[in-house]
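> As input, take work_0.csv (CSV, C-alpha atoms):
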```csv
chain,number,residue,atom,x,y,z
A,1,MET,CA,111.7,117.3,33.3
A,2,LYS,CA,111.4,120.2,30.9
A,3,LYS,CA,114.5,122.0,29.7
A,4,ILE,CA,115.7,125.6,29.9
A,5,ILE,CA,118.3,127.3,27.8
A,6,LEU,CA,120.9,129.3,29.7
A,7,GLY,CA,122.7,132.0,27.6
A,8,ALA,CA,123.1,131.1,24.0
A,9,ASP,CA,122.9,127.4,24.0
A,10,LEU,CA,123.4,125.6,27.4
A,11,GLU,CA,120.4,123.3,27.8
A,12,VAL,CA,119.7,122.3,31.4
A,13,SER,CA,116.8,120.7,33.4
A,14,ALA,CA,114.4,123.3,34.6
A,15,ILE,CA,115.5,122.6,38.2
A,16,GLY,CA,119.0,121.8,39.1
A,17,LEU,CA,120.5,120.1,42.2
A,18,GLY,CA,122.7,122.2,44.4
A,19,CYS,CA,125.1,119.6,45.8
A,20,MET,CA,126.8,121.7,48.4
A,21,GLY,CA,124.7,120.4,51.3
A,22,PHE,CA,125.9,116.8,50.9
A,23,SER,CA,129.3,118.0,52.1
A,24,HIS,CA,129.2,121.5,53.5
A,25,ALA,CA,127.3,124.0,55.6
A,26,TYR,CA,124.3,121.9,56.6
A,27,GLY,CA,125.6,119.7,59.4
A,28,ALA,CA,127.9,116.7,59.1
A,29,PRO,CA,128.6,115.5,55.6
A,30,THR,CA,126.3,112.8,54.2
A,31,ASP,CA,128.1,109.5,53.9
A,32,THR,CA,129.4,109.0,50.4
A,33,GLU,CA,127.3,106.0,49.4
A,34,THR,CA,124.1,107.7,50.5
A,35,ALA,CA,125.0,110.9,48.7
A,36,ILE,CA,125.8,109.1,45.5
A,37,GLU,CA,122.6,107.2,45.6
A,38,SER,CA,120.7,110.5,46.0
A,39,ILE,CA,122.4,112.0,43.0
A,40,HIS,CA,121.6,108.8,41.0
A,41,LYS,CA,117.9,109.1,42.0
A,42,ALA,CA,118.0,112.7,40.9
A,43,VAL,CA,119.2,111.7,37.5
A,44,GLU,CA,116.4,109.1,37.3
A,45,MET,CA,113.9,111.9,38.1
A,46,GLY,CA,115.1,114.1,35.2
A,47,TYR,CA,117.7,116.3,36.9
A,48,ASP,CA,120.7,116.8,34.6
A,49,PHE,CA,122.1,120.1,36.1
A,50,PHE,CA,124.4,119.6,39.1
A,51,ASP,CA,126.1,122.4,41.0
A,52,THR,CA,129.3,122.2,43.1
A,53,ALA,CA,132.4,124.2,43.9
A,54,GLU,CA,136.1,123.6,44.7
A,55,VAL,CA,135.6,124.8,48.2
A,56,TYR,CA,132.5,122.8,49.2
A,57,GLY,CA,133.9,120.4,51.8
A,58,THR,CA,135.3,120.2,55.3
A,59,ALA,CA,138.4,121.4,57.0
A,60,ASP,CA,139.8,117.9,56.7
A,61,ASP,CA,138.6,117.3,53.2
A,62,PRO,CA,138.1,120.7,51.5
A,63,HIS,CA,137.3,119.4,48.0
A,64,GLN,CA,135.0,116.6,49.0
A,65,ASN,CA,132.0,117.8,47.1
A,66,GLU,CA,133.6,117.9,43.7
A,67,MET,CA,135.0,114.4,44.1
A,68,LEU,CA,131.5,113.2,45.2
A,69,VAL,CA,129.8,114.8,42.2
A,70,GLY,CA,132.4,113.4,39.8
A,71,GLU,CA,132.1,109.9,41.2
A,72,ALA,CA,128.3,110.0,41.2
A,73,LEU,CA,128.0,111.2,37.6
A,74,LYS,CA,130.9,109.2,36.0
A,75,ASP,CA,128.5,106.7,34.3
A,76,VAL,CA,126.2,109.4,33.0
A,77,ARG,CA,128.7,112.1,32.3
A,78,ASP,CA,127.5,112.5,28.7
A,79,LYS,CA,124.0,113.4,30.0
A,80,ALA,CA,125.0,115.6,32.9
A,81,ILE,CA,125.7,119.3,33.0
A,82,ILE,CA,128.3,120.0,35.7
A,83,ALA,CA,128.8,123.5,37.1
A,84,THR,CA,131.6,124.3,39.5
A,85,LYS,CA,133.3,127.4,40.8
A,86,PHE,CA,136.7,129.0,41.4
A,87,GLY,CA,138.1,132.1,43.1
A,88,VAL,CA,137.6,131.8,46.8
A,89,LYS,CA,138.9,130.1,49.9
A,90,PHE,CA,137.6,130.1,53.4
A,91,ASP,CA,139.3,131.9,56.3
A,92,LEU,CA,139.7,128.8,58.4
A,93,ASN,CA,141.1,130.9,61.3
A,94,SER,CA,137.8,132.6,61.8
A,95,PRO,CA,135.8,131.5,64.9
A,96,GLU,CA,132.5,132.0,63.0
A,97,ILE,CA,130.5,129.1,61.9
A,98,ASN,CA,130.0,130.7,58.5
A,99,LYS,CA,133.6,131.3,57.6
A,100,PRO,CA,134.4,134.5,55.7
A,101,LEU,CA,135.6,134.2,52.1
A,102,ILE,CA,139.0,135.3,50.8
A,103,PRO,CA,138.8,136.0,47.0
A,104,ASP,CA,141.7,134.9,44.7
A,105,SER,CA,141.1,135.1,41.0
A,106,ARG,CA,144.6,135.7,39.8
A,107,PRO,CA,145.1,134.1,36.4
A,108,GLU,CA,147.6,131.6,37.7
A,109,THR,CA,145.2,130.6,40.5
A,110,ILE,CA,142.4,130.1,38.0
A,111,ARG,CA,144.6,127.9,35.7
A,112,SER,CA,145.6,125.7,38.6
A,113,SER,CA,142.1,125.5,39.9
A,114,VAL,CA,140.5,124.4,36.7
A,115,ASP,CA,143.0,121.6,36.3
A,116,ALA,CA,142.4,120.4,39.9
A,117,SER,CA,138.6,120.6,39.5
A,118,LEU,CA,138.8,118.6,36.2
A,119,LYS,CA,140.8,115.9,38.0
A,120,ARG,CA,138.5,115.7,41.0
A,121,LEU,CA,135.4,115.6,38.8
A,122,GLY,CA,136.9,112.9,36.6
A,123,THR,CA,136.0,114.8,33.4
A,124,ASP,CA,137.8,116.4,30.5
A,125,HIS,CA,135.6,119.5,30.5
A,126,ILE,CA,133.5,121.6,32.8
A,127,ASP,CA,130.1,122.7,31.4
A,128,LEU,CA,129.7,125.9,33.4
A,129,TYR,CA,132.6,127.5,35.3
A,130,TYR,CA,131.7,130.3,37.6
A,131,GLN,CA,133.9,132.9,39.3
A,132,HIS,CA,132.6,132.3,42.8
A,133,ARG,CA,133.0,135.9,44.0
A,134,ALA,CA,134.6,139.0,42.5
A,135,ASP,CA,138.2,139.7,43.4
A,136,PRO,CA,138.8,143.4,44.1
A,137,ASN,CA,142.4,142.9,43.2
A,138,VAL,CA,141.8,141.4,39.7
A,139,PRO,CA,139.7,143.2,37.1
A,140,VAL,CA,136.8,141.1,35.8
A,141,GLU,CA,138.1,141.7,32.3
A,142,GLU,CA,141.2,139.8,33.2
A,143,VAL,CA,139.2,136.9,34.5
A,144,ALA,CA,137.0,136.9,31.4
A,145,GLY,CA,140.2,136.7,29.3
A,146,VAL,CA,141.3,133.6,31.1
A,147,MET,CA,137.8,132.1,30.6
A,148,SER,CA,138.2,132.7,26.9
A,149,GLU,CA,141.5,130.9,27.0
A,150,LEU,CA,140.0,127.9,28.8
A,151,ILE,CA,137.1,127.7,26.4
A,152,LYS,CA,139.6,127.6,23.4
A,153,ALA,CA,141.5,124.9,25.2
A,154,GLY,CA,138.4,122.9,25.7
A,155,LYS,CA,138.7,122.8,29.5
A,156,ILE,CA,135.3,124.6,29.9
A,157,THR,CA,132.5,125.2,27.5
A,158,HIS,CA,130.6,128.0,29.3
A,159,TRP,CA,131.3,130.4,32.1
A,160,GLY,CA,129.5,132.6,34.5
A,161,LEU,CA,129.6,134.9,37.5
A,162,SER,CA,128.3,134.2,41.0
A,163,ASP,CA,126.9,137.0,43.2
A,164,ALA,CA,127.5,139.4,40.4
A,165,ASN,CA,126.2,143.0,39.8
A,166,GLU,CA,125.4,144.7,36.6
A,167,GLU,CA,128.7,146.5,36.2
A,168,GLN,CA,130.7,143.3,36.6
A,169,LEU,CA,128.4,141.5,34.3
A,170,ARG,CA,128.6,144.0,31.5
A,171,ARG,CA,132.4,144.4,31.7
A,172,ALA,CA,132.9,140.6,31.7
A,173,HIS,CA,130.4,140.0,28.9
A,174,LYS,CA,132.3,142.3,26.5
A,175,ILE,CA,135.4,140.2,26.8
A,176,CYS,CA,133.9,136.7,26.8
A,177,PRO,CA,130.1,136.1,26.6
A,178,VAL,CA,128.6,135.1,29.9
A,179,THR,CA,126.2,132.2,29.9
A,180,ALA,CA,124.7,132.6,33.4
A,181,ILE,CA,124.9,134.4,36.7
A,182,GLN,CA,124.4,132.4,39.9
A,183,ASN,CA,122.9,134.7,42.5
A,184,ARG,CA,120.9,134.3,45.7
A,185,TYR,CA,117.2,134.6,44.9
A,186,SER,CA,114.0,133.7,46.8
A,187,MET,CA,110.8,135.3,48.0
A,188,MET,CA,112.9,136.6,50.9
A,189,ALA,CA,115.9,137.7,48.9
A,190,ARG,CA,114.7,139.7,45.8
A,191,TRP,CA,117.5,142.3,45.6
A,192,HIS,CA,118.8,140.9,42.3
A,193,GLU,CA,115.5,141.5,40.4
A,194,ASN,CA,117.1,144.7,39.2
A,195,LEU,CA,119.3,142.6,37.0
A,196,PHE,CA,116.4,141.1,35.0
A,197,PRO,CA,116.6,143.8,32.2
A,198,VAL,CA,120.3,143.4,31.6
A,199,LEU,CA,120.0,139.6,31.6
A,200,GLU,CA,117.3,139.9,28.9
A,201,GLU,CA,119.3,142.4,27.0
A,202,LEU,CA,122.5,140.3,27.0
A,203,LYS,CA,120.6,136.9,26.9
A,204,ILE,CA,122.2,135.6,30.1
A,205,GLY,CA,120.5,133.0,32.3
A,206,PHE,CA,119.9,133.3,36.1
A,207,VAL,CA,120.7,130.3,38.2
A,208,ALA,CA,119.1,130.9,41.6
A,209,PHE,CA,120.8,129.5,44.6
A,210,SER,CA,119.1,129.3,48.0
A,211,PRO,CA,115.7,129.5,46.3
A,212,LEU,CA,114.0,128.3,49.4
A,213,ALA,CA,115.9,130.8,51.7
A,214,ASN,CA,118.1,127.9,52.9
A,215,GLY,CA,115.1,125.7,53.4
A,216,PHE,CA,113.0,128.1,55.5
A,217,LEU,CA,110.4,128.5,52.7
A,218,SER,CA,109.6,124.8,52.9
A,219,GLY,CA,107.6,125.6,56.0
A,220,LYS,CA,109.2,122.7,57.8
A,221,TYR,CA,111.0,124.8,60.5
A,222,GLY,CA,109.3,126.4,63.5
A,223,LYS,CA,110.2,127.9,66.8
A,224,GLY,CA,112.7,125.9,68.8
A,225,THR,CA,114.4,124.3,65.8
A,226,GLN,CA,118.0,123.6,66.7
A,227,PHE,CA,121.0,123.3,64.4
A,228,ASP,CA,124.5,122.1,65.0
A,229,ARG,CA,126.4,125.2,66.0
A,230,THR,CA,129.7,123.9,64.7
A,231,LEU,CA,128.8,122.6,61.3
A,232,ASP,CA,125.4,124.0,60.3
A,233,TYR,CA,125.2,127.6,58.9
A,234,ARG,CA,121.5,127.7,59.7
A,235,SER,CA,122.4,128.1,63.3
A,236,ALA,CA,123.5,131.6,62.6
A,237,MET,CA,120.7,132.6,60.1
A,238,PRO,CA,118.1,135.1,61.2
A,239,GLN,CA,115.2,133.5,59.5
A,240,PHE,CA,115.5,130.4,61.6
A,241,THR,CA,115.4,132.2,65.0
A,242,ASP,CA,112.2,132.1,67.1
A,243,LYS,CA,111.9,135.8,66.4
A,244,GLY,CA,112.4,135.2,62.7
A,245,VAL,CA,109.7,132.6,62.6
A,246,GLU,CA,107.3,135.0,64.2
A,247,GLN,CA,108.2,137.8,61.8
A,248,ASN,CA,107.7,135.5,58.8
A,249,SER,CA,104.3,134.1,59.9
A,250,ALA,CA,102.4,136.1,57.2
A,251,LEU,CA,104.8,134.8,54.5
A,252,LEU,CA,104.3,131.2,55.6
A,253,SER,CA,100.6,131.7,55.7
A,254,LEU,CA,100.6,133.1,52.1
A,255,LEU,CA,102.6,130.1,50.9
A,256,ASN,CA,100.3,127.6,52.6
A,257,LYS,CA,97.2,129.3,51.2
A,258,ILE,CA,98.5,129.2,47.6
A,259,ALA,CA,99.9,125.7,48.0
A,260,ALA,CA,96.4,124.5,49.1
A,261,GLU,CA,94.8,126.2,46.1
A,262,LYS,CA,97.3,124.6,43.7
A,263,ASN,CA,97.4,121.2,45.4
A,264,ALA,CA,101.1,121.7,46.0
A,265,THR,CA,103.6,122.3,48.8
A,266,PRO,CA,105.1,125.6,50.0
A,267,SER,CA,108.4,124.6,48.5
A,268,GLN,CA,106.8,124.0,45.1
A,269,ILE,CA,105.1,127.3,45.1
A,270,SER,CA,108.3,129.1,46.1
A,271,LEU,CA,110.1,127.5,43.1
A,272,ALA,CA,107.3,127.8,40.6
A,273,TRP,CA,107.0,131.5,41.5
A,274,MET,CA,110.5,132.3,40.1
A,275,MET,CA,110.3,129.8,37.2
A,276,CYS,CA,107.0,131.2,36.0
A,277,LYS,CA,108.2,134.8,36.5
A,278,LYS,CA,111.1,134.6,33.9
A,279,PRO,CA,111.8,131.8,31.4
A,280,TYR,CA,115.6,132.0,32.0
A,281,ILE,CA,115.5,131.4,35.8
A,282,VAL,CA,116.7,128.0,37.0
A,283,PRO,CA,116.6,127.3,40.7
A,284,ILE,CA,119.1,124.9,42.2
A,285,PRO,CA,117.7,123.8,45.6
A,286,GLY,CA,119.8,121.4,47.6
A,287,THR,CA,118.5,118.5,49.6
A,288,ARG,CA,119.7,115.2,50.9
A,289,LYS,CA,116.3,113.5,50.9
A,290,THR,CA,114.8,111.6,48.0
A,291,ASP,CA,111.2,112.8,48.7
A,292,ARG,CA,112.4,116.4,48.6
A,293,LEU,CA,114.1,115.7,45.3
A,294,ARG,CA,110.9,114.4,43.9
A,295,GLU,CA,108.9,117.3,45.5
A,296,ASN,CA,111.2,119.9,44.0
A,297,ALA,CA,111.2,118.3,40.6
A,298,ALA,CA,107.4,118.4,40.5
A,299,ALA,CA,107.5,122.2,40.9
A,300,ALA,CA,108.5,122.4,37.3
A,301,ASP,CA,105.0,121.4,36.3
A,302,ILE,CA,103.2,124.0,38.3
A,303,VAL,CA,101.8,127.0,36.4
A,304,LEU,CA,101.4,130.4,37.9
A,305,THR,CA,99.9,133.0,35.6
A,306,SER,CA,101.4,136.5,35.2
A,307,ASP,CA,98.5,137.9,37.2
A,308,GLU,CA,99.1,135.4,40.0
A,309,ILE,CA,102.9,136.2,40.1
A,310,ALA,CA,102.1,140.0,40.2
A,311,LYS,CA,99.6,139.4,43.1
A,312,ILE,CA,102.3,137.4,45.0
A,313,ASP,CA,104.9,140.1,44.4
A,314,ARG,CA,102.5,142.8,45.7
A,315,ALA,CA,101.9,140.8,48.8
A,316,LEU,CA,105.7,140.3,49.3
A,317,ASP,CA,106.3,144.0,48.8
A,318,ASN,CA,103.9,144.9,51.7
A,319,MET,CA,104.7,142.1,54.1
A,320,GLU,CA,106.7,142.0,57.3
A,321,MET,CA,109.7,139.6,57.0
A,322,SER,CA,112.7,138.9,59.2
A,323,PRO,CA,116.2,139.6,57.9
A,324,VAL,CA,117.4,136.7,55.7
A,325,PHE,CA,120.9,135.4,55.4
A,326,GLY,CA,122.6,137.2,52.6
A,327,GLY,CA,125.9,135.5,52.1
A,328,SER,CA,129.3,135.0,53.6
A,329,LYS,CA,131.5,138.0,54.4
A,330,ILE,CA,134.3,138.8,51.9
A,331,ILE,CA,137.6,139.7,53.4
A,332,LYS,CA,141.1,140.4,52.2
A,333,GLU,CA,143.8,137.9,53.0
```
Once you've parsed the file, please lay out its structure as structure tokens.

Amino acid sequence: MKKIILGADLEVSAIGLGCMGFSHAYGAPTDTETAIESIHKAVEMGYDFFDTAEVYGTADDPHQNEMLVGEALKDVRDKAIIATKFGVKFDLNSPEINKPLIPDSRPETIRSSVDASLKRLGTDHIDLYYQHRADPNVPVEEVAGVMSELIKAGKITHWGLSDANEEQLRRAHKICPVTAIQNRYSMMARWHENLFPVLEELKIGFVAFSPLANGFLSGKYGKGTQFDRTLDYRSAMPQFTDKGVEQNSALLSLLNKIAAEKNATPSQISLAWMMCKKPYIVPIPGTRKTDRLRENAAAADIVLTSDEIAKIDRALDNMEMSPVFGGSKIIKE
């Protein structure tokens, strides 16, 4: 797979693997052996960029995903780029399927979090360490100062912000250069496109999570699709309701039309659209299936011209769509 440079010098595969779904938010966790085998197959296909977080797990095993990723990559650690995140915990008392997030980026919390993540991942350094969400009680400059300390100590090599806005990004970057943001981005979630100019100005990469709108843009889900209401976040996402499927019919038709013209799949067109739009965008779709890993990887070879991208954007701008899941609520503890 071709490579992309994030920030000044972090080289990653053009498509990464979001590992959250093996353990969290998409139904019952995948059994460990199967999940490790999937990650090994991803490595064989050319993936070298793997995304996790300290909170991706279950109520019984809240750090499962980091341990899984560490175990899967231990024999190829020198070839893998591991990204993980700090700074939130779930409100486990909430009755909602999609638990609200409680931010905590106090310096002492970050220092204990990085040591715990290093241990779970079985590594001596983290390649890309994100603040998972902003903490209204801790200035981002203070967080950036701790990142600088961790870089000097060799515990991390690069850092970033997740779900960041321009103000946070500029303030952080002044203290310790930011390598990447990780924000939601897809054909249904384009509200962060206003960050493109500042990313280009500061030479910061954009890691796109949920690039397929939580899988909806694969075109594999129709009316009547049911999800586990206790373990699967999609059961509460508006794009997967029967009404949402109806509202998004024009979008799915557009994707199917372009896919047929390019001898590709809707998922591949959705990923190629963002990769061909900007050279610093790296999508990190998640999947548990080997055929989907292969399908997503092949999207890196699809070329859409600037005129084709502009035409798609105009269509998206003037198209009815359902609401789309925009992220977990942030609450104060």
> Might you pull out every residue within 12 Å of A:Ile331, with all atoms listed in the file counted and same-chain residues fewer than 5 positions away left off, and present them as number ranges by chain?
A: 88-91, 94, 99-104, 133-137
> Taking into account only C-alpha atoms, which residue in the set A:Ala213, A:Ala310, A:Leu73, A:Ala172 is nearest to A:Arg234?
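Looking at the shortest contact to A:Arg234, the residue is A:Ala213.
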> One number please: atom CA of A:Ile269 to atom CA of A:Leu304, in Å, one decimal.
8.7 Å
> What's around A:Glu149 at 12 Å? Count all atoms listed in the file, leave out sequence neighbours fewer than 5 positions away in its own chain, and write the answer as number ranges by chain.
A: 107, 110-111, 114, 142-144, 154-159, 175-176
> Extract, using only C-alpha atoms, all DNA, RNA and protein residues at most 12 Å from A:Asp60, discarding same-chain residues fewer than 2 positions from it, and format them as a list in words.
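Once the adjacent positions are removed, what remains is Ser23, His24, Pro29, Val55, Tyr56, Gly57, Thr58, Pro62, His63, Gln64 and Leu92 of chain A.
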> Tell me, as an MDAnalysis selection string, which residues lie within 8 Å of A:Lys223, counting all atoms listed in the file; anything in the same chain fewer than 2 positions away does not count.
chainID A and resid 221 225 240:242 245
> For A:Gly7, which residue among A:Met147, A:Leu316, A:Ile181, A:Met188 is the nearest when counting all atoms listed in the file?
A:Ile181
> From the options A:Leu118, A:Leu217, A:Leu231, A:Ile5, which residue's atoms come nearest to A:Ile97, counting all atoms listed in the file?
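Once distances to A:Ile97 are computed over all atoms listed in the file, the minimum belongs to A:Leu231.
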> Do a neighbour search on A:Leu17 at 6 Å with all atoms listed in the file, toss out local chain neighbours closer than 2 positions, and write the hits as a PDB file with C-alpha atoms, in the frame of the given file.

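Here's the written file around25.pdb:
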```pdb
ATOM      1  CA  CYS A  19     125.100 119.600  45.800  1.00  0.00           C
ATOM      2  CA  PHE A  50     124.400 119.600  39.100  1.00  0.00           C
ATOM      3  CA  ILE A 284     119.100 124.900  42.200  1.00  0.00           C
ATOM      4  CA  PRO A 285     117.700 123.800  45.600  1.00  0.00           C
ATOM      5  CA  GLY A 286     119.800 121.400  47.600  1.00  0.00           C
TER       6      GLY A 286
END
```
> From the options A:Ala315, A:Ile204, A:Ala25, A:Ala260, which residue's atoms come nearest to A:Tyr233, counting all atoms listed in the file?
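Between A:Ala315, A:Ile204, A:Ala25, A:Ala260, the residue approaching A:Tyr233 most closely is A:Ala25.
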> By how many Å are atom CA of A:Gly160 and atom CA of A:Leu128 apart?
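A separation of 6.8 Å between them.
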> Just the number, please: distance in Å from atom CA of A:Thr287 to atom CA of A:Asn214, one decimal.
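Here the two named atoms are 10.0 Å from each other.
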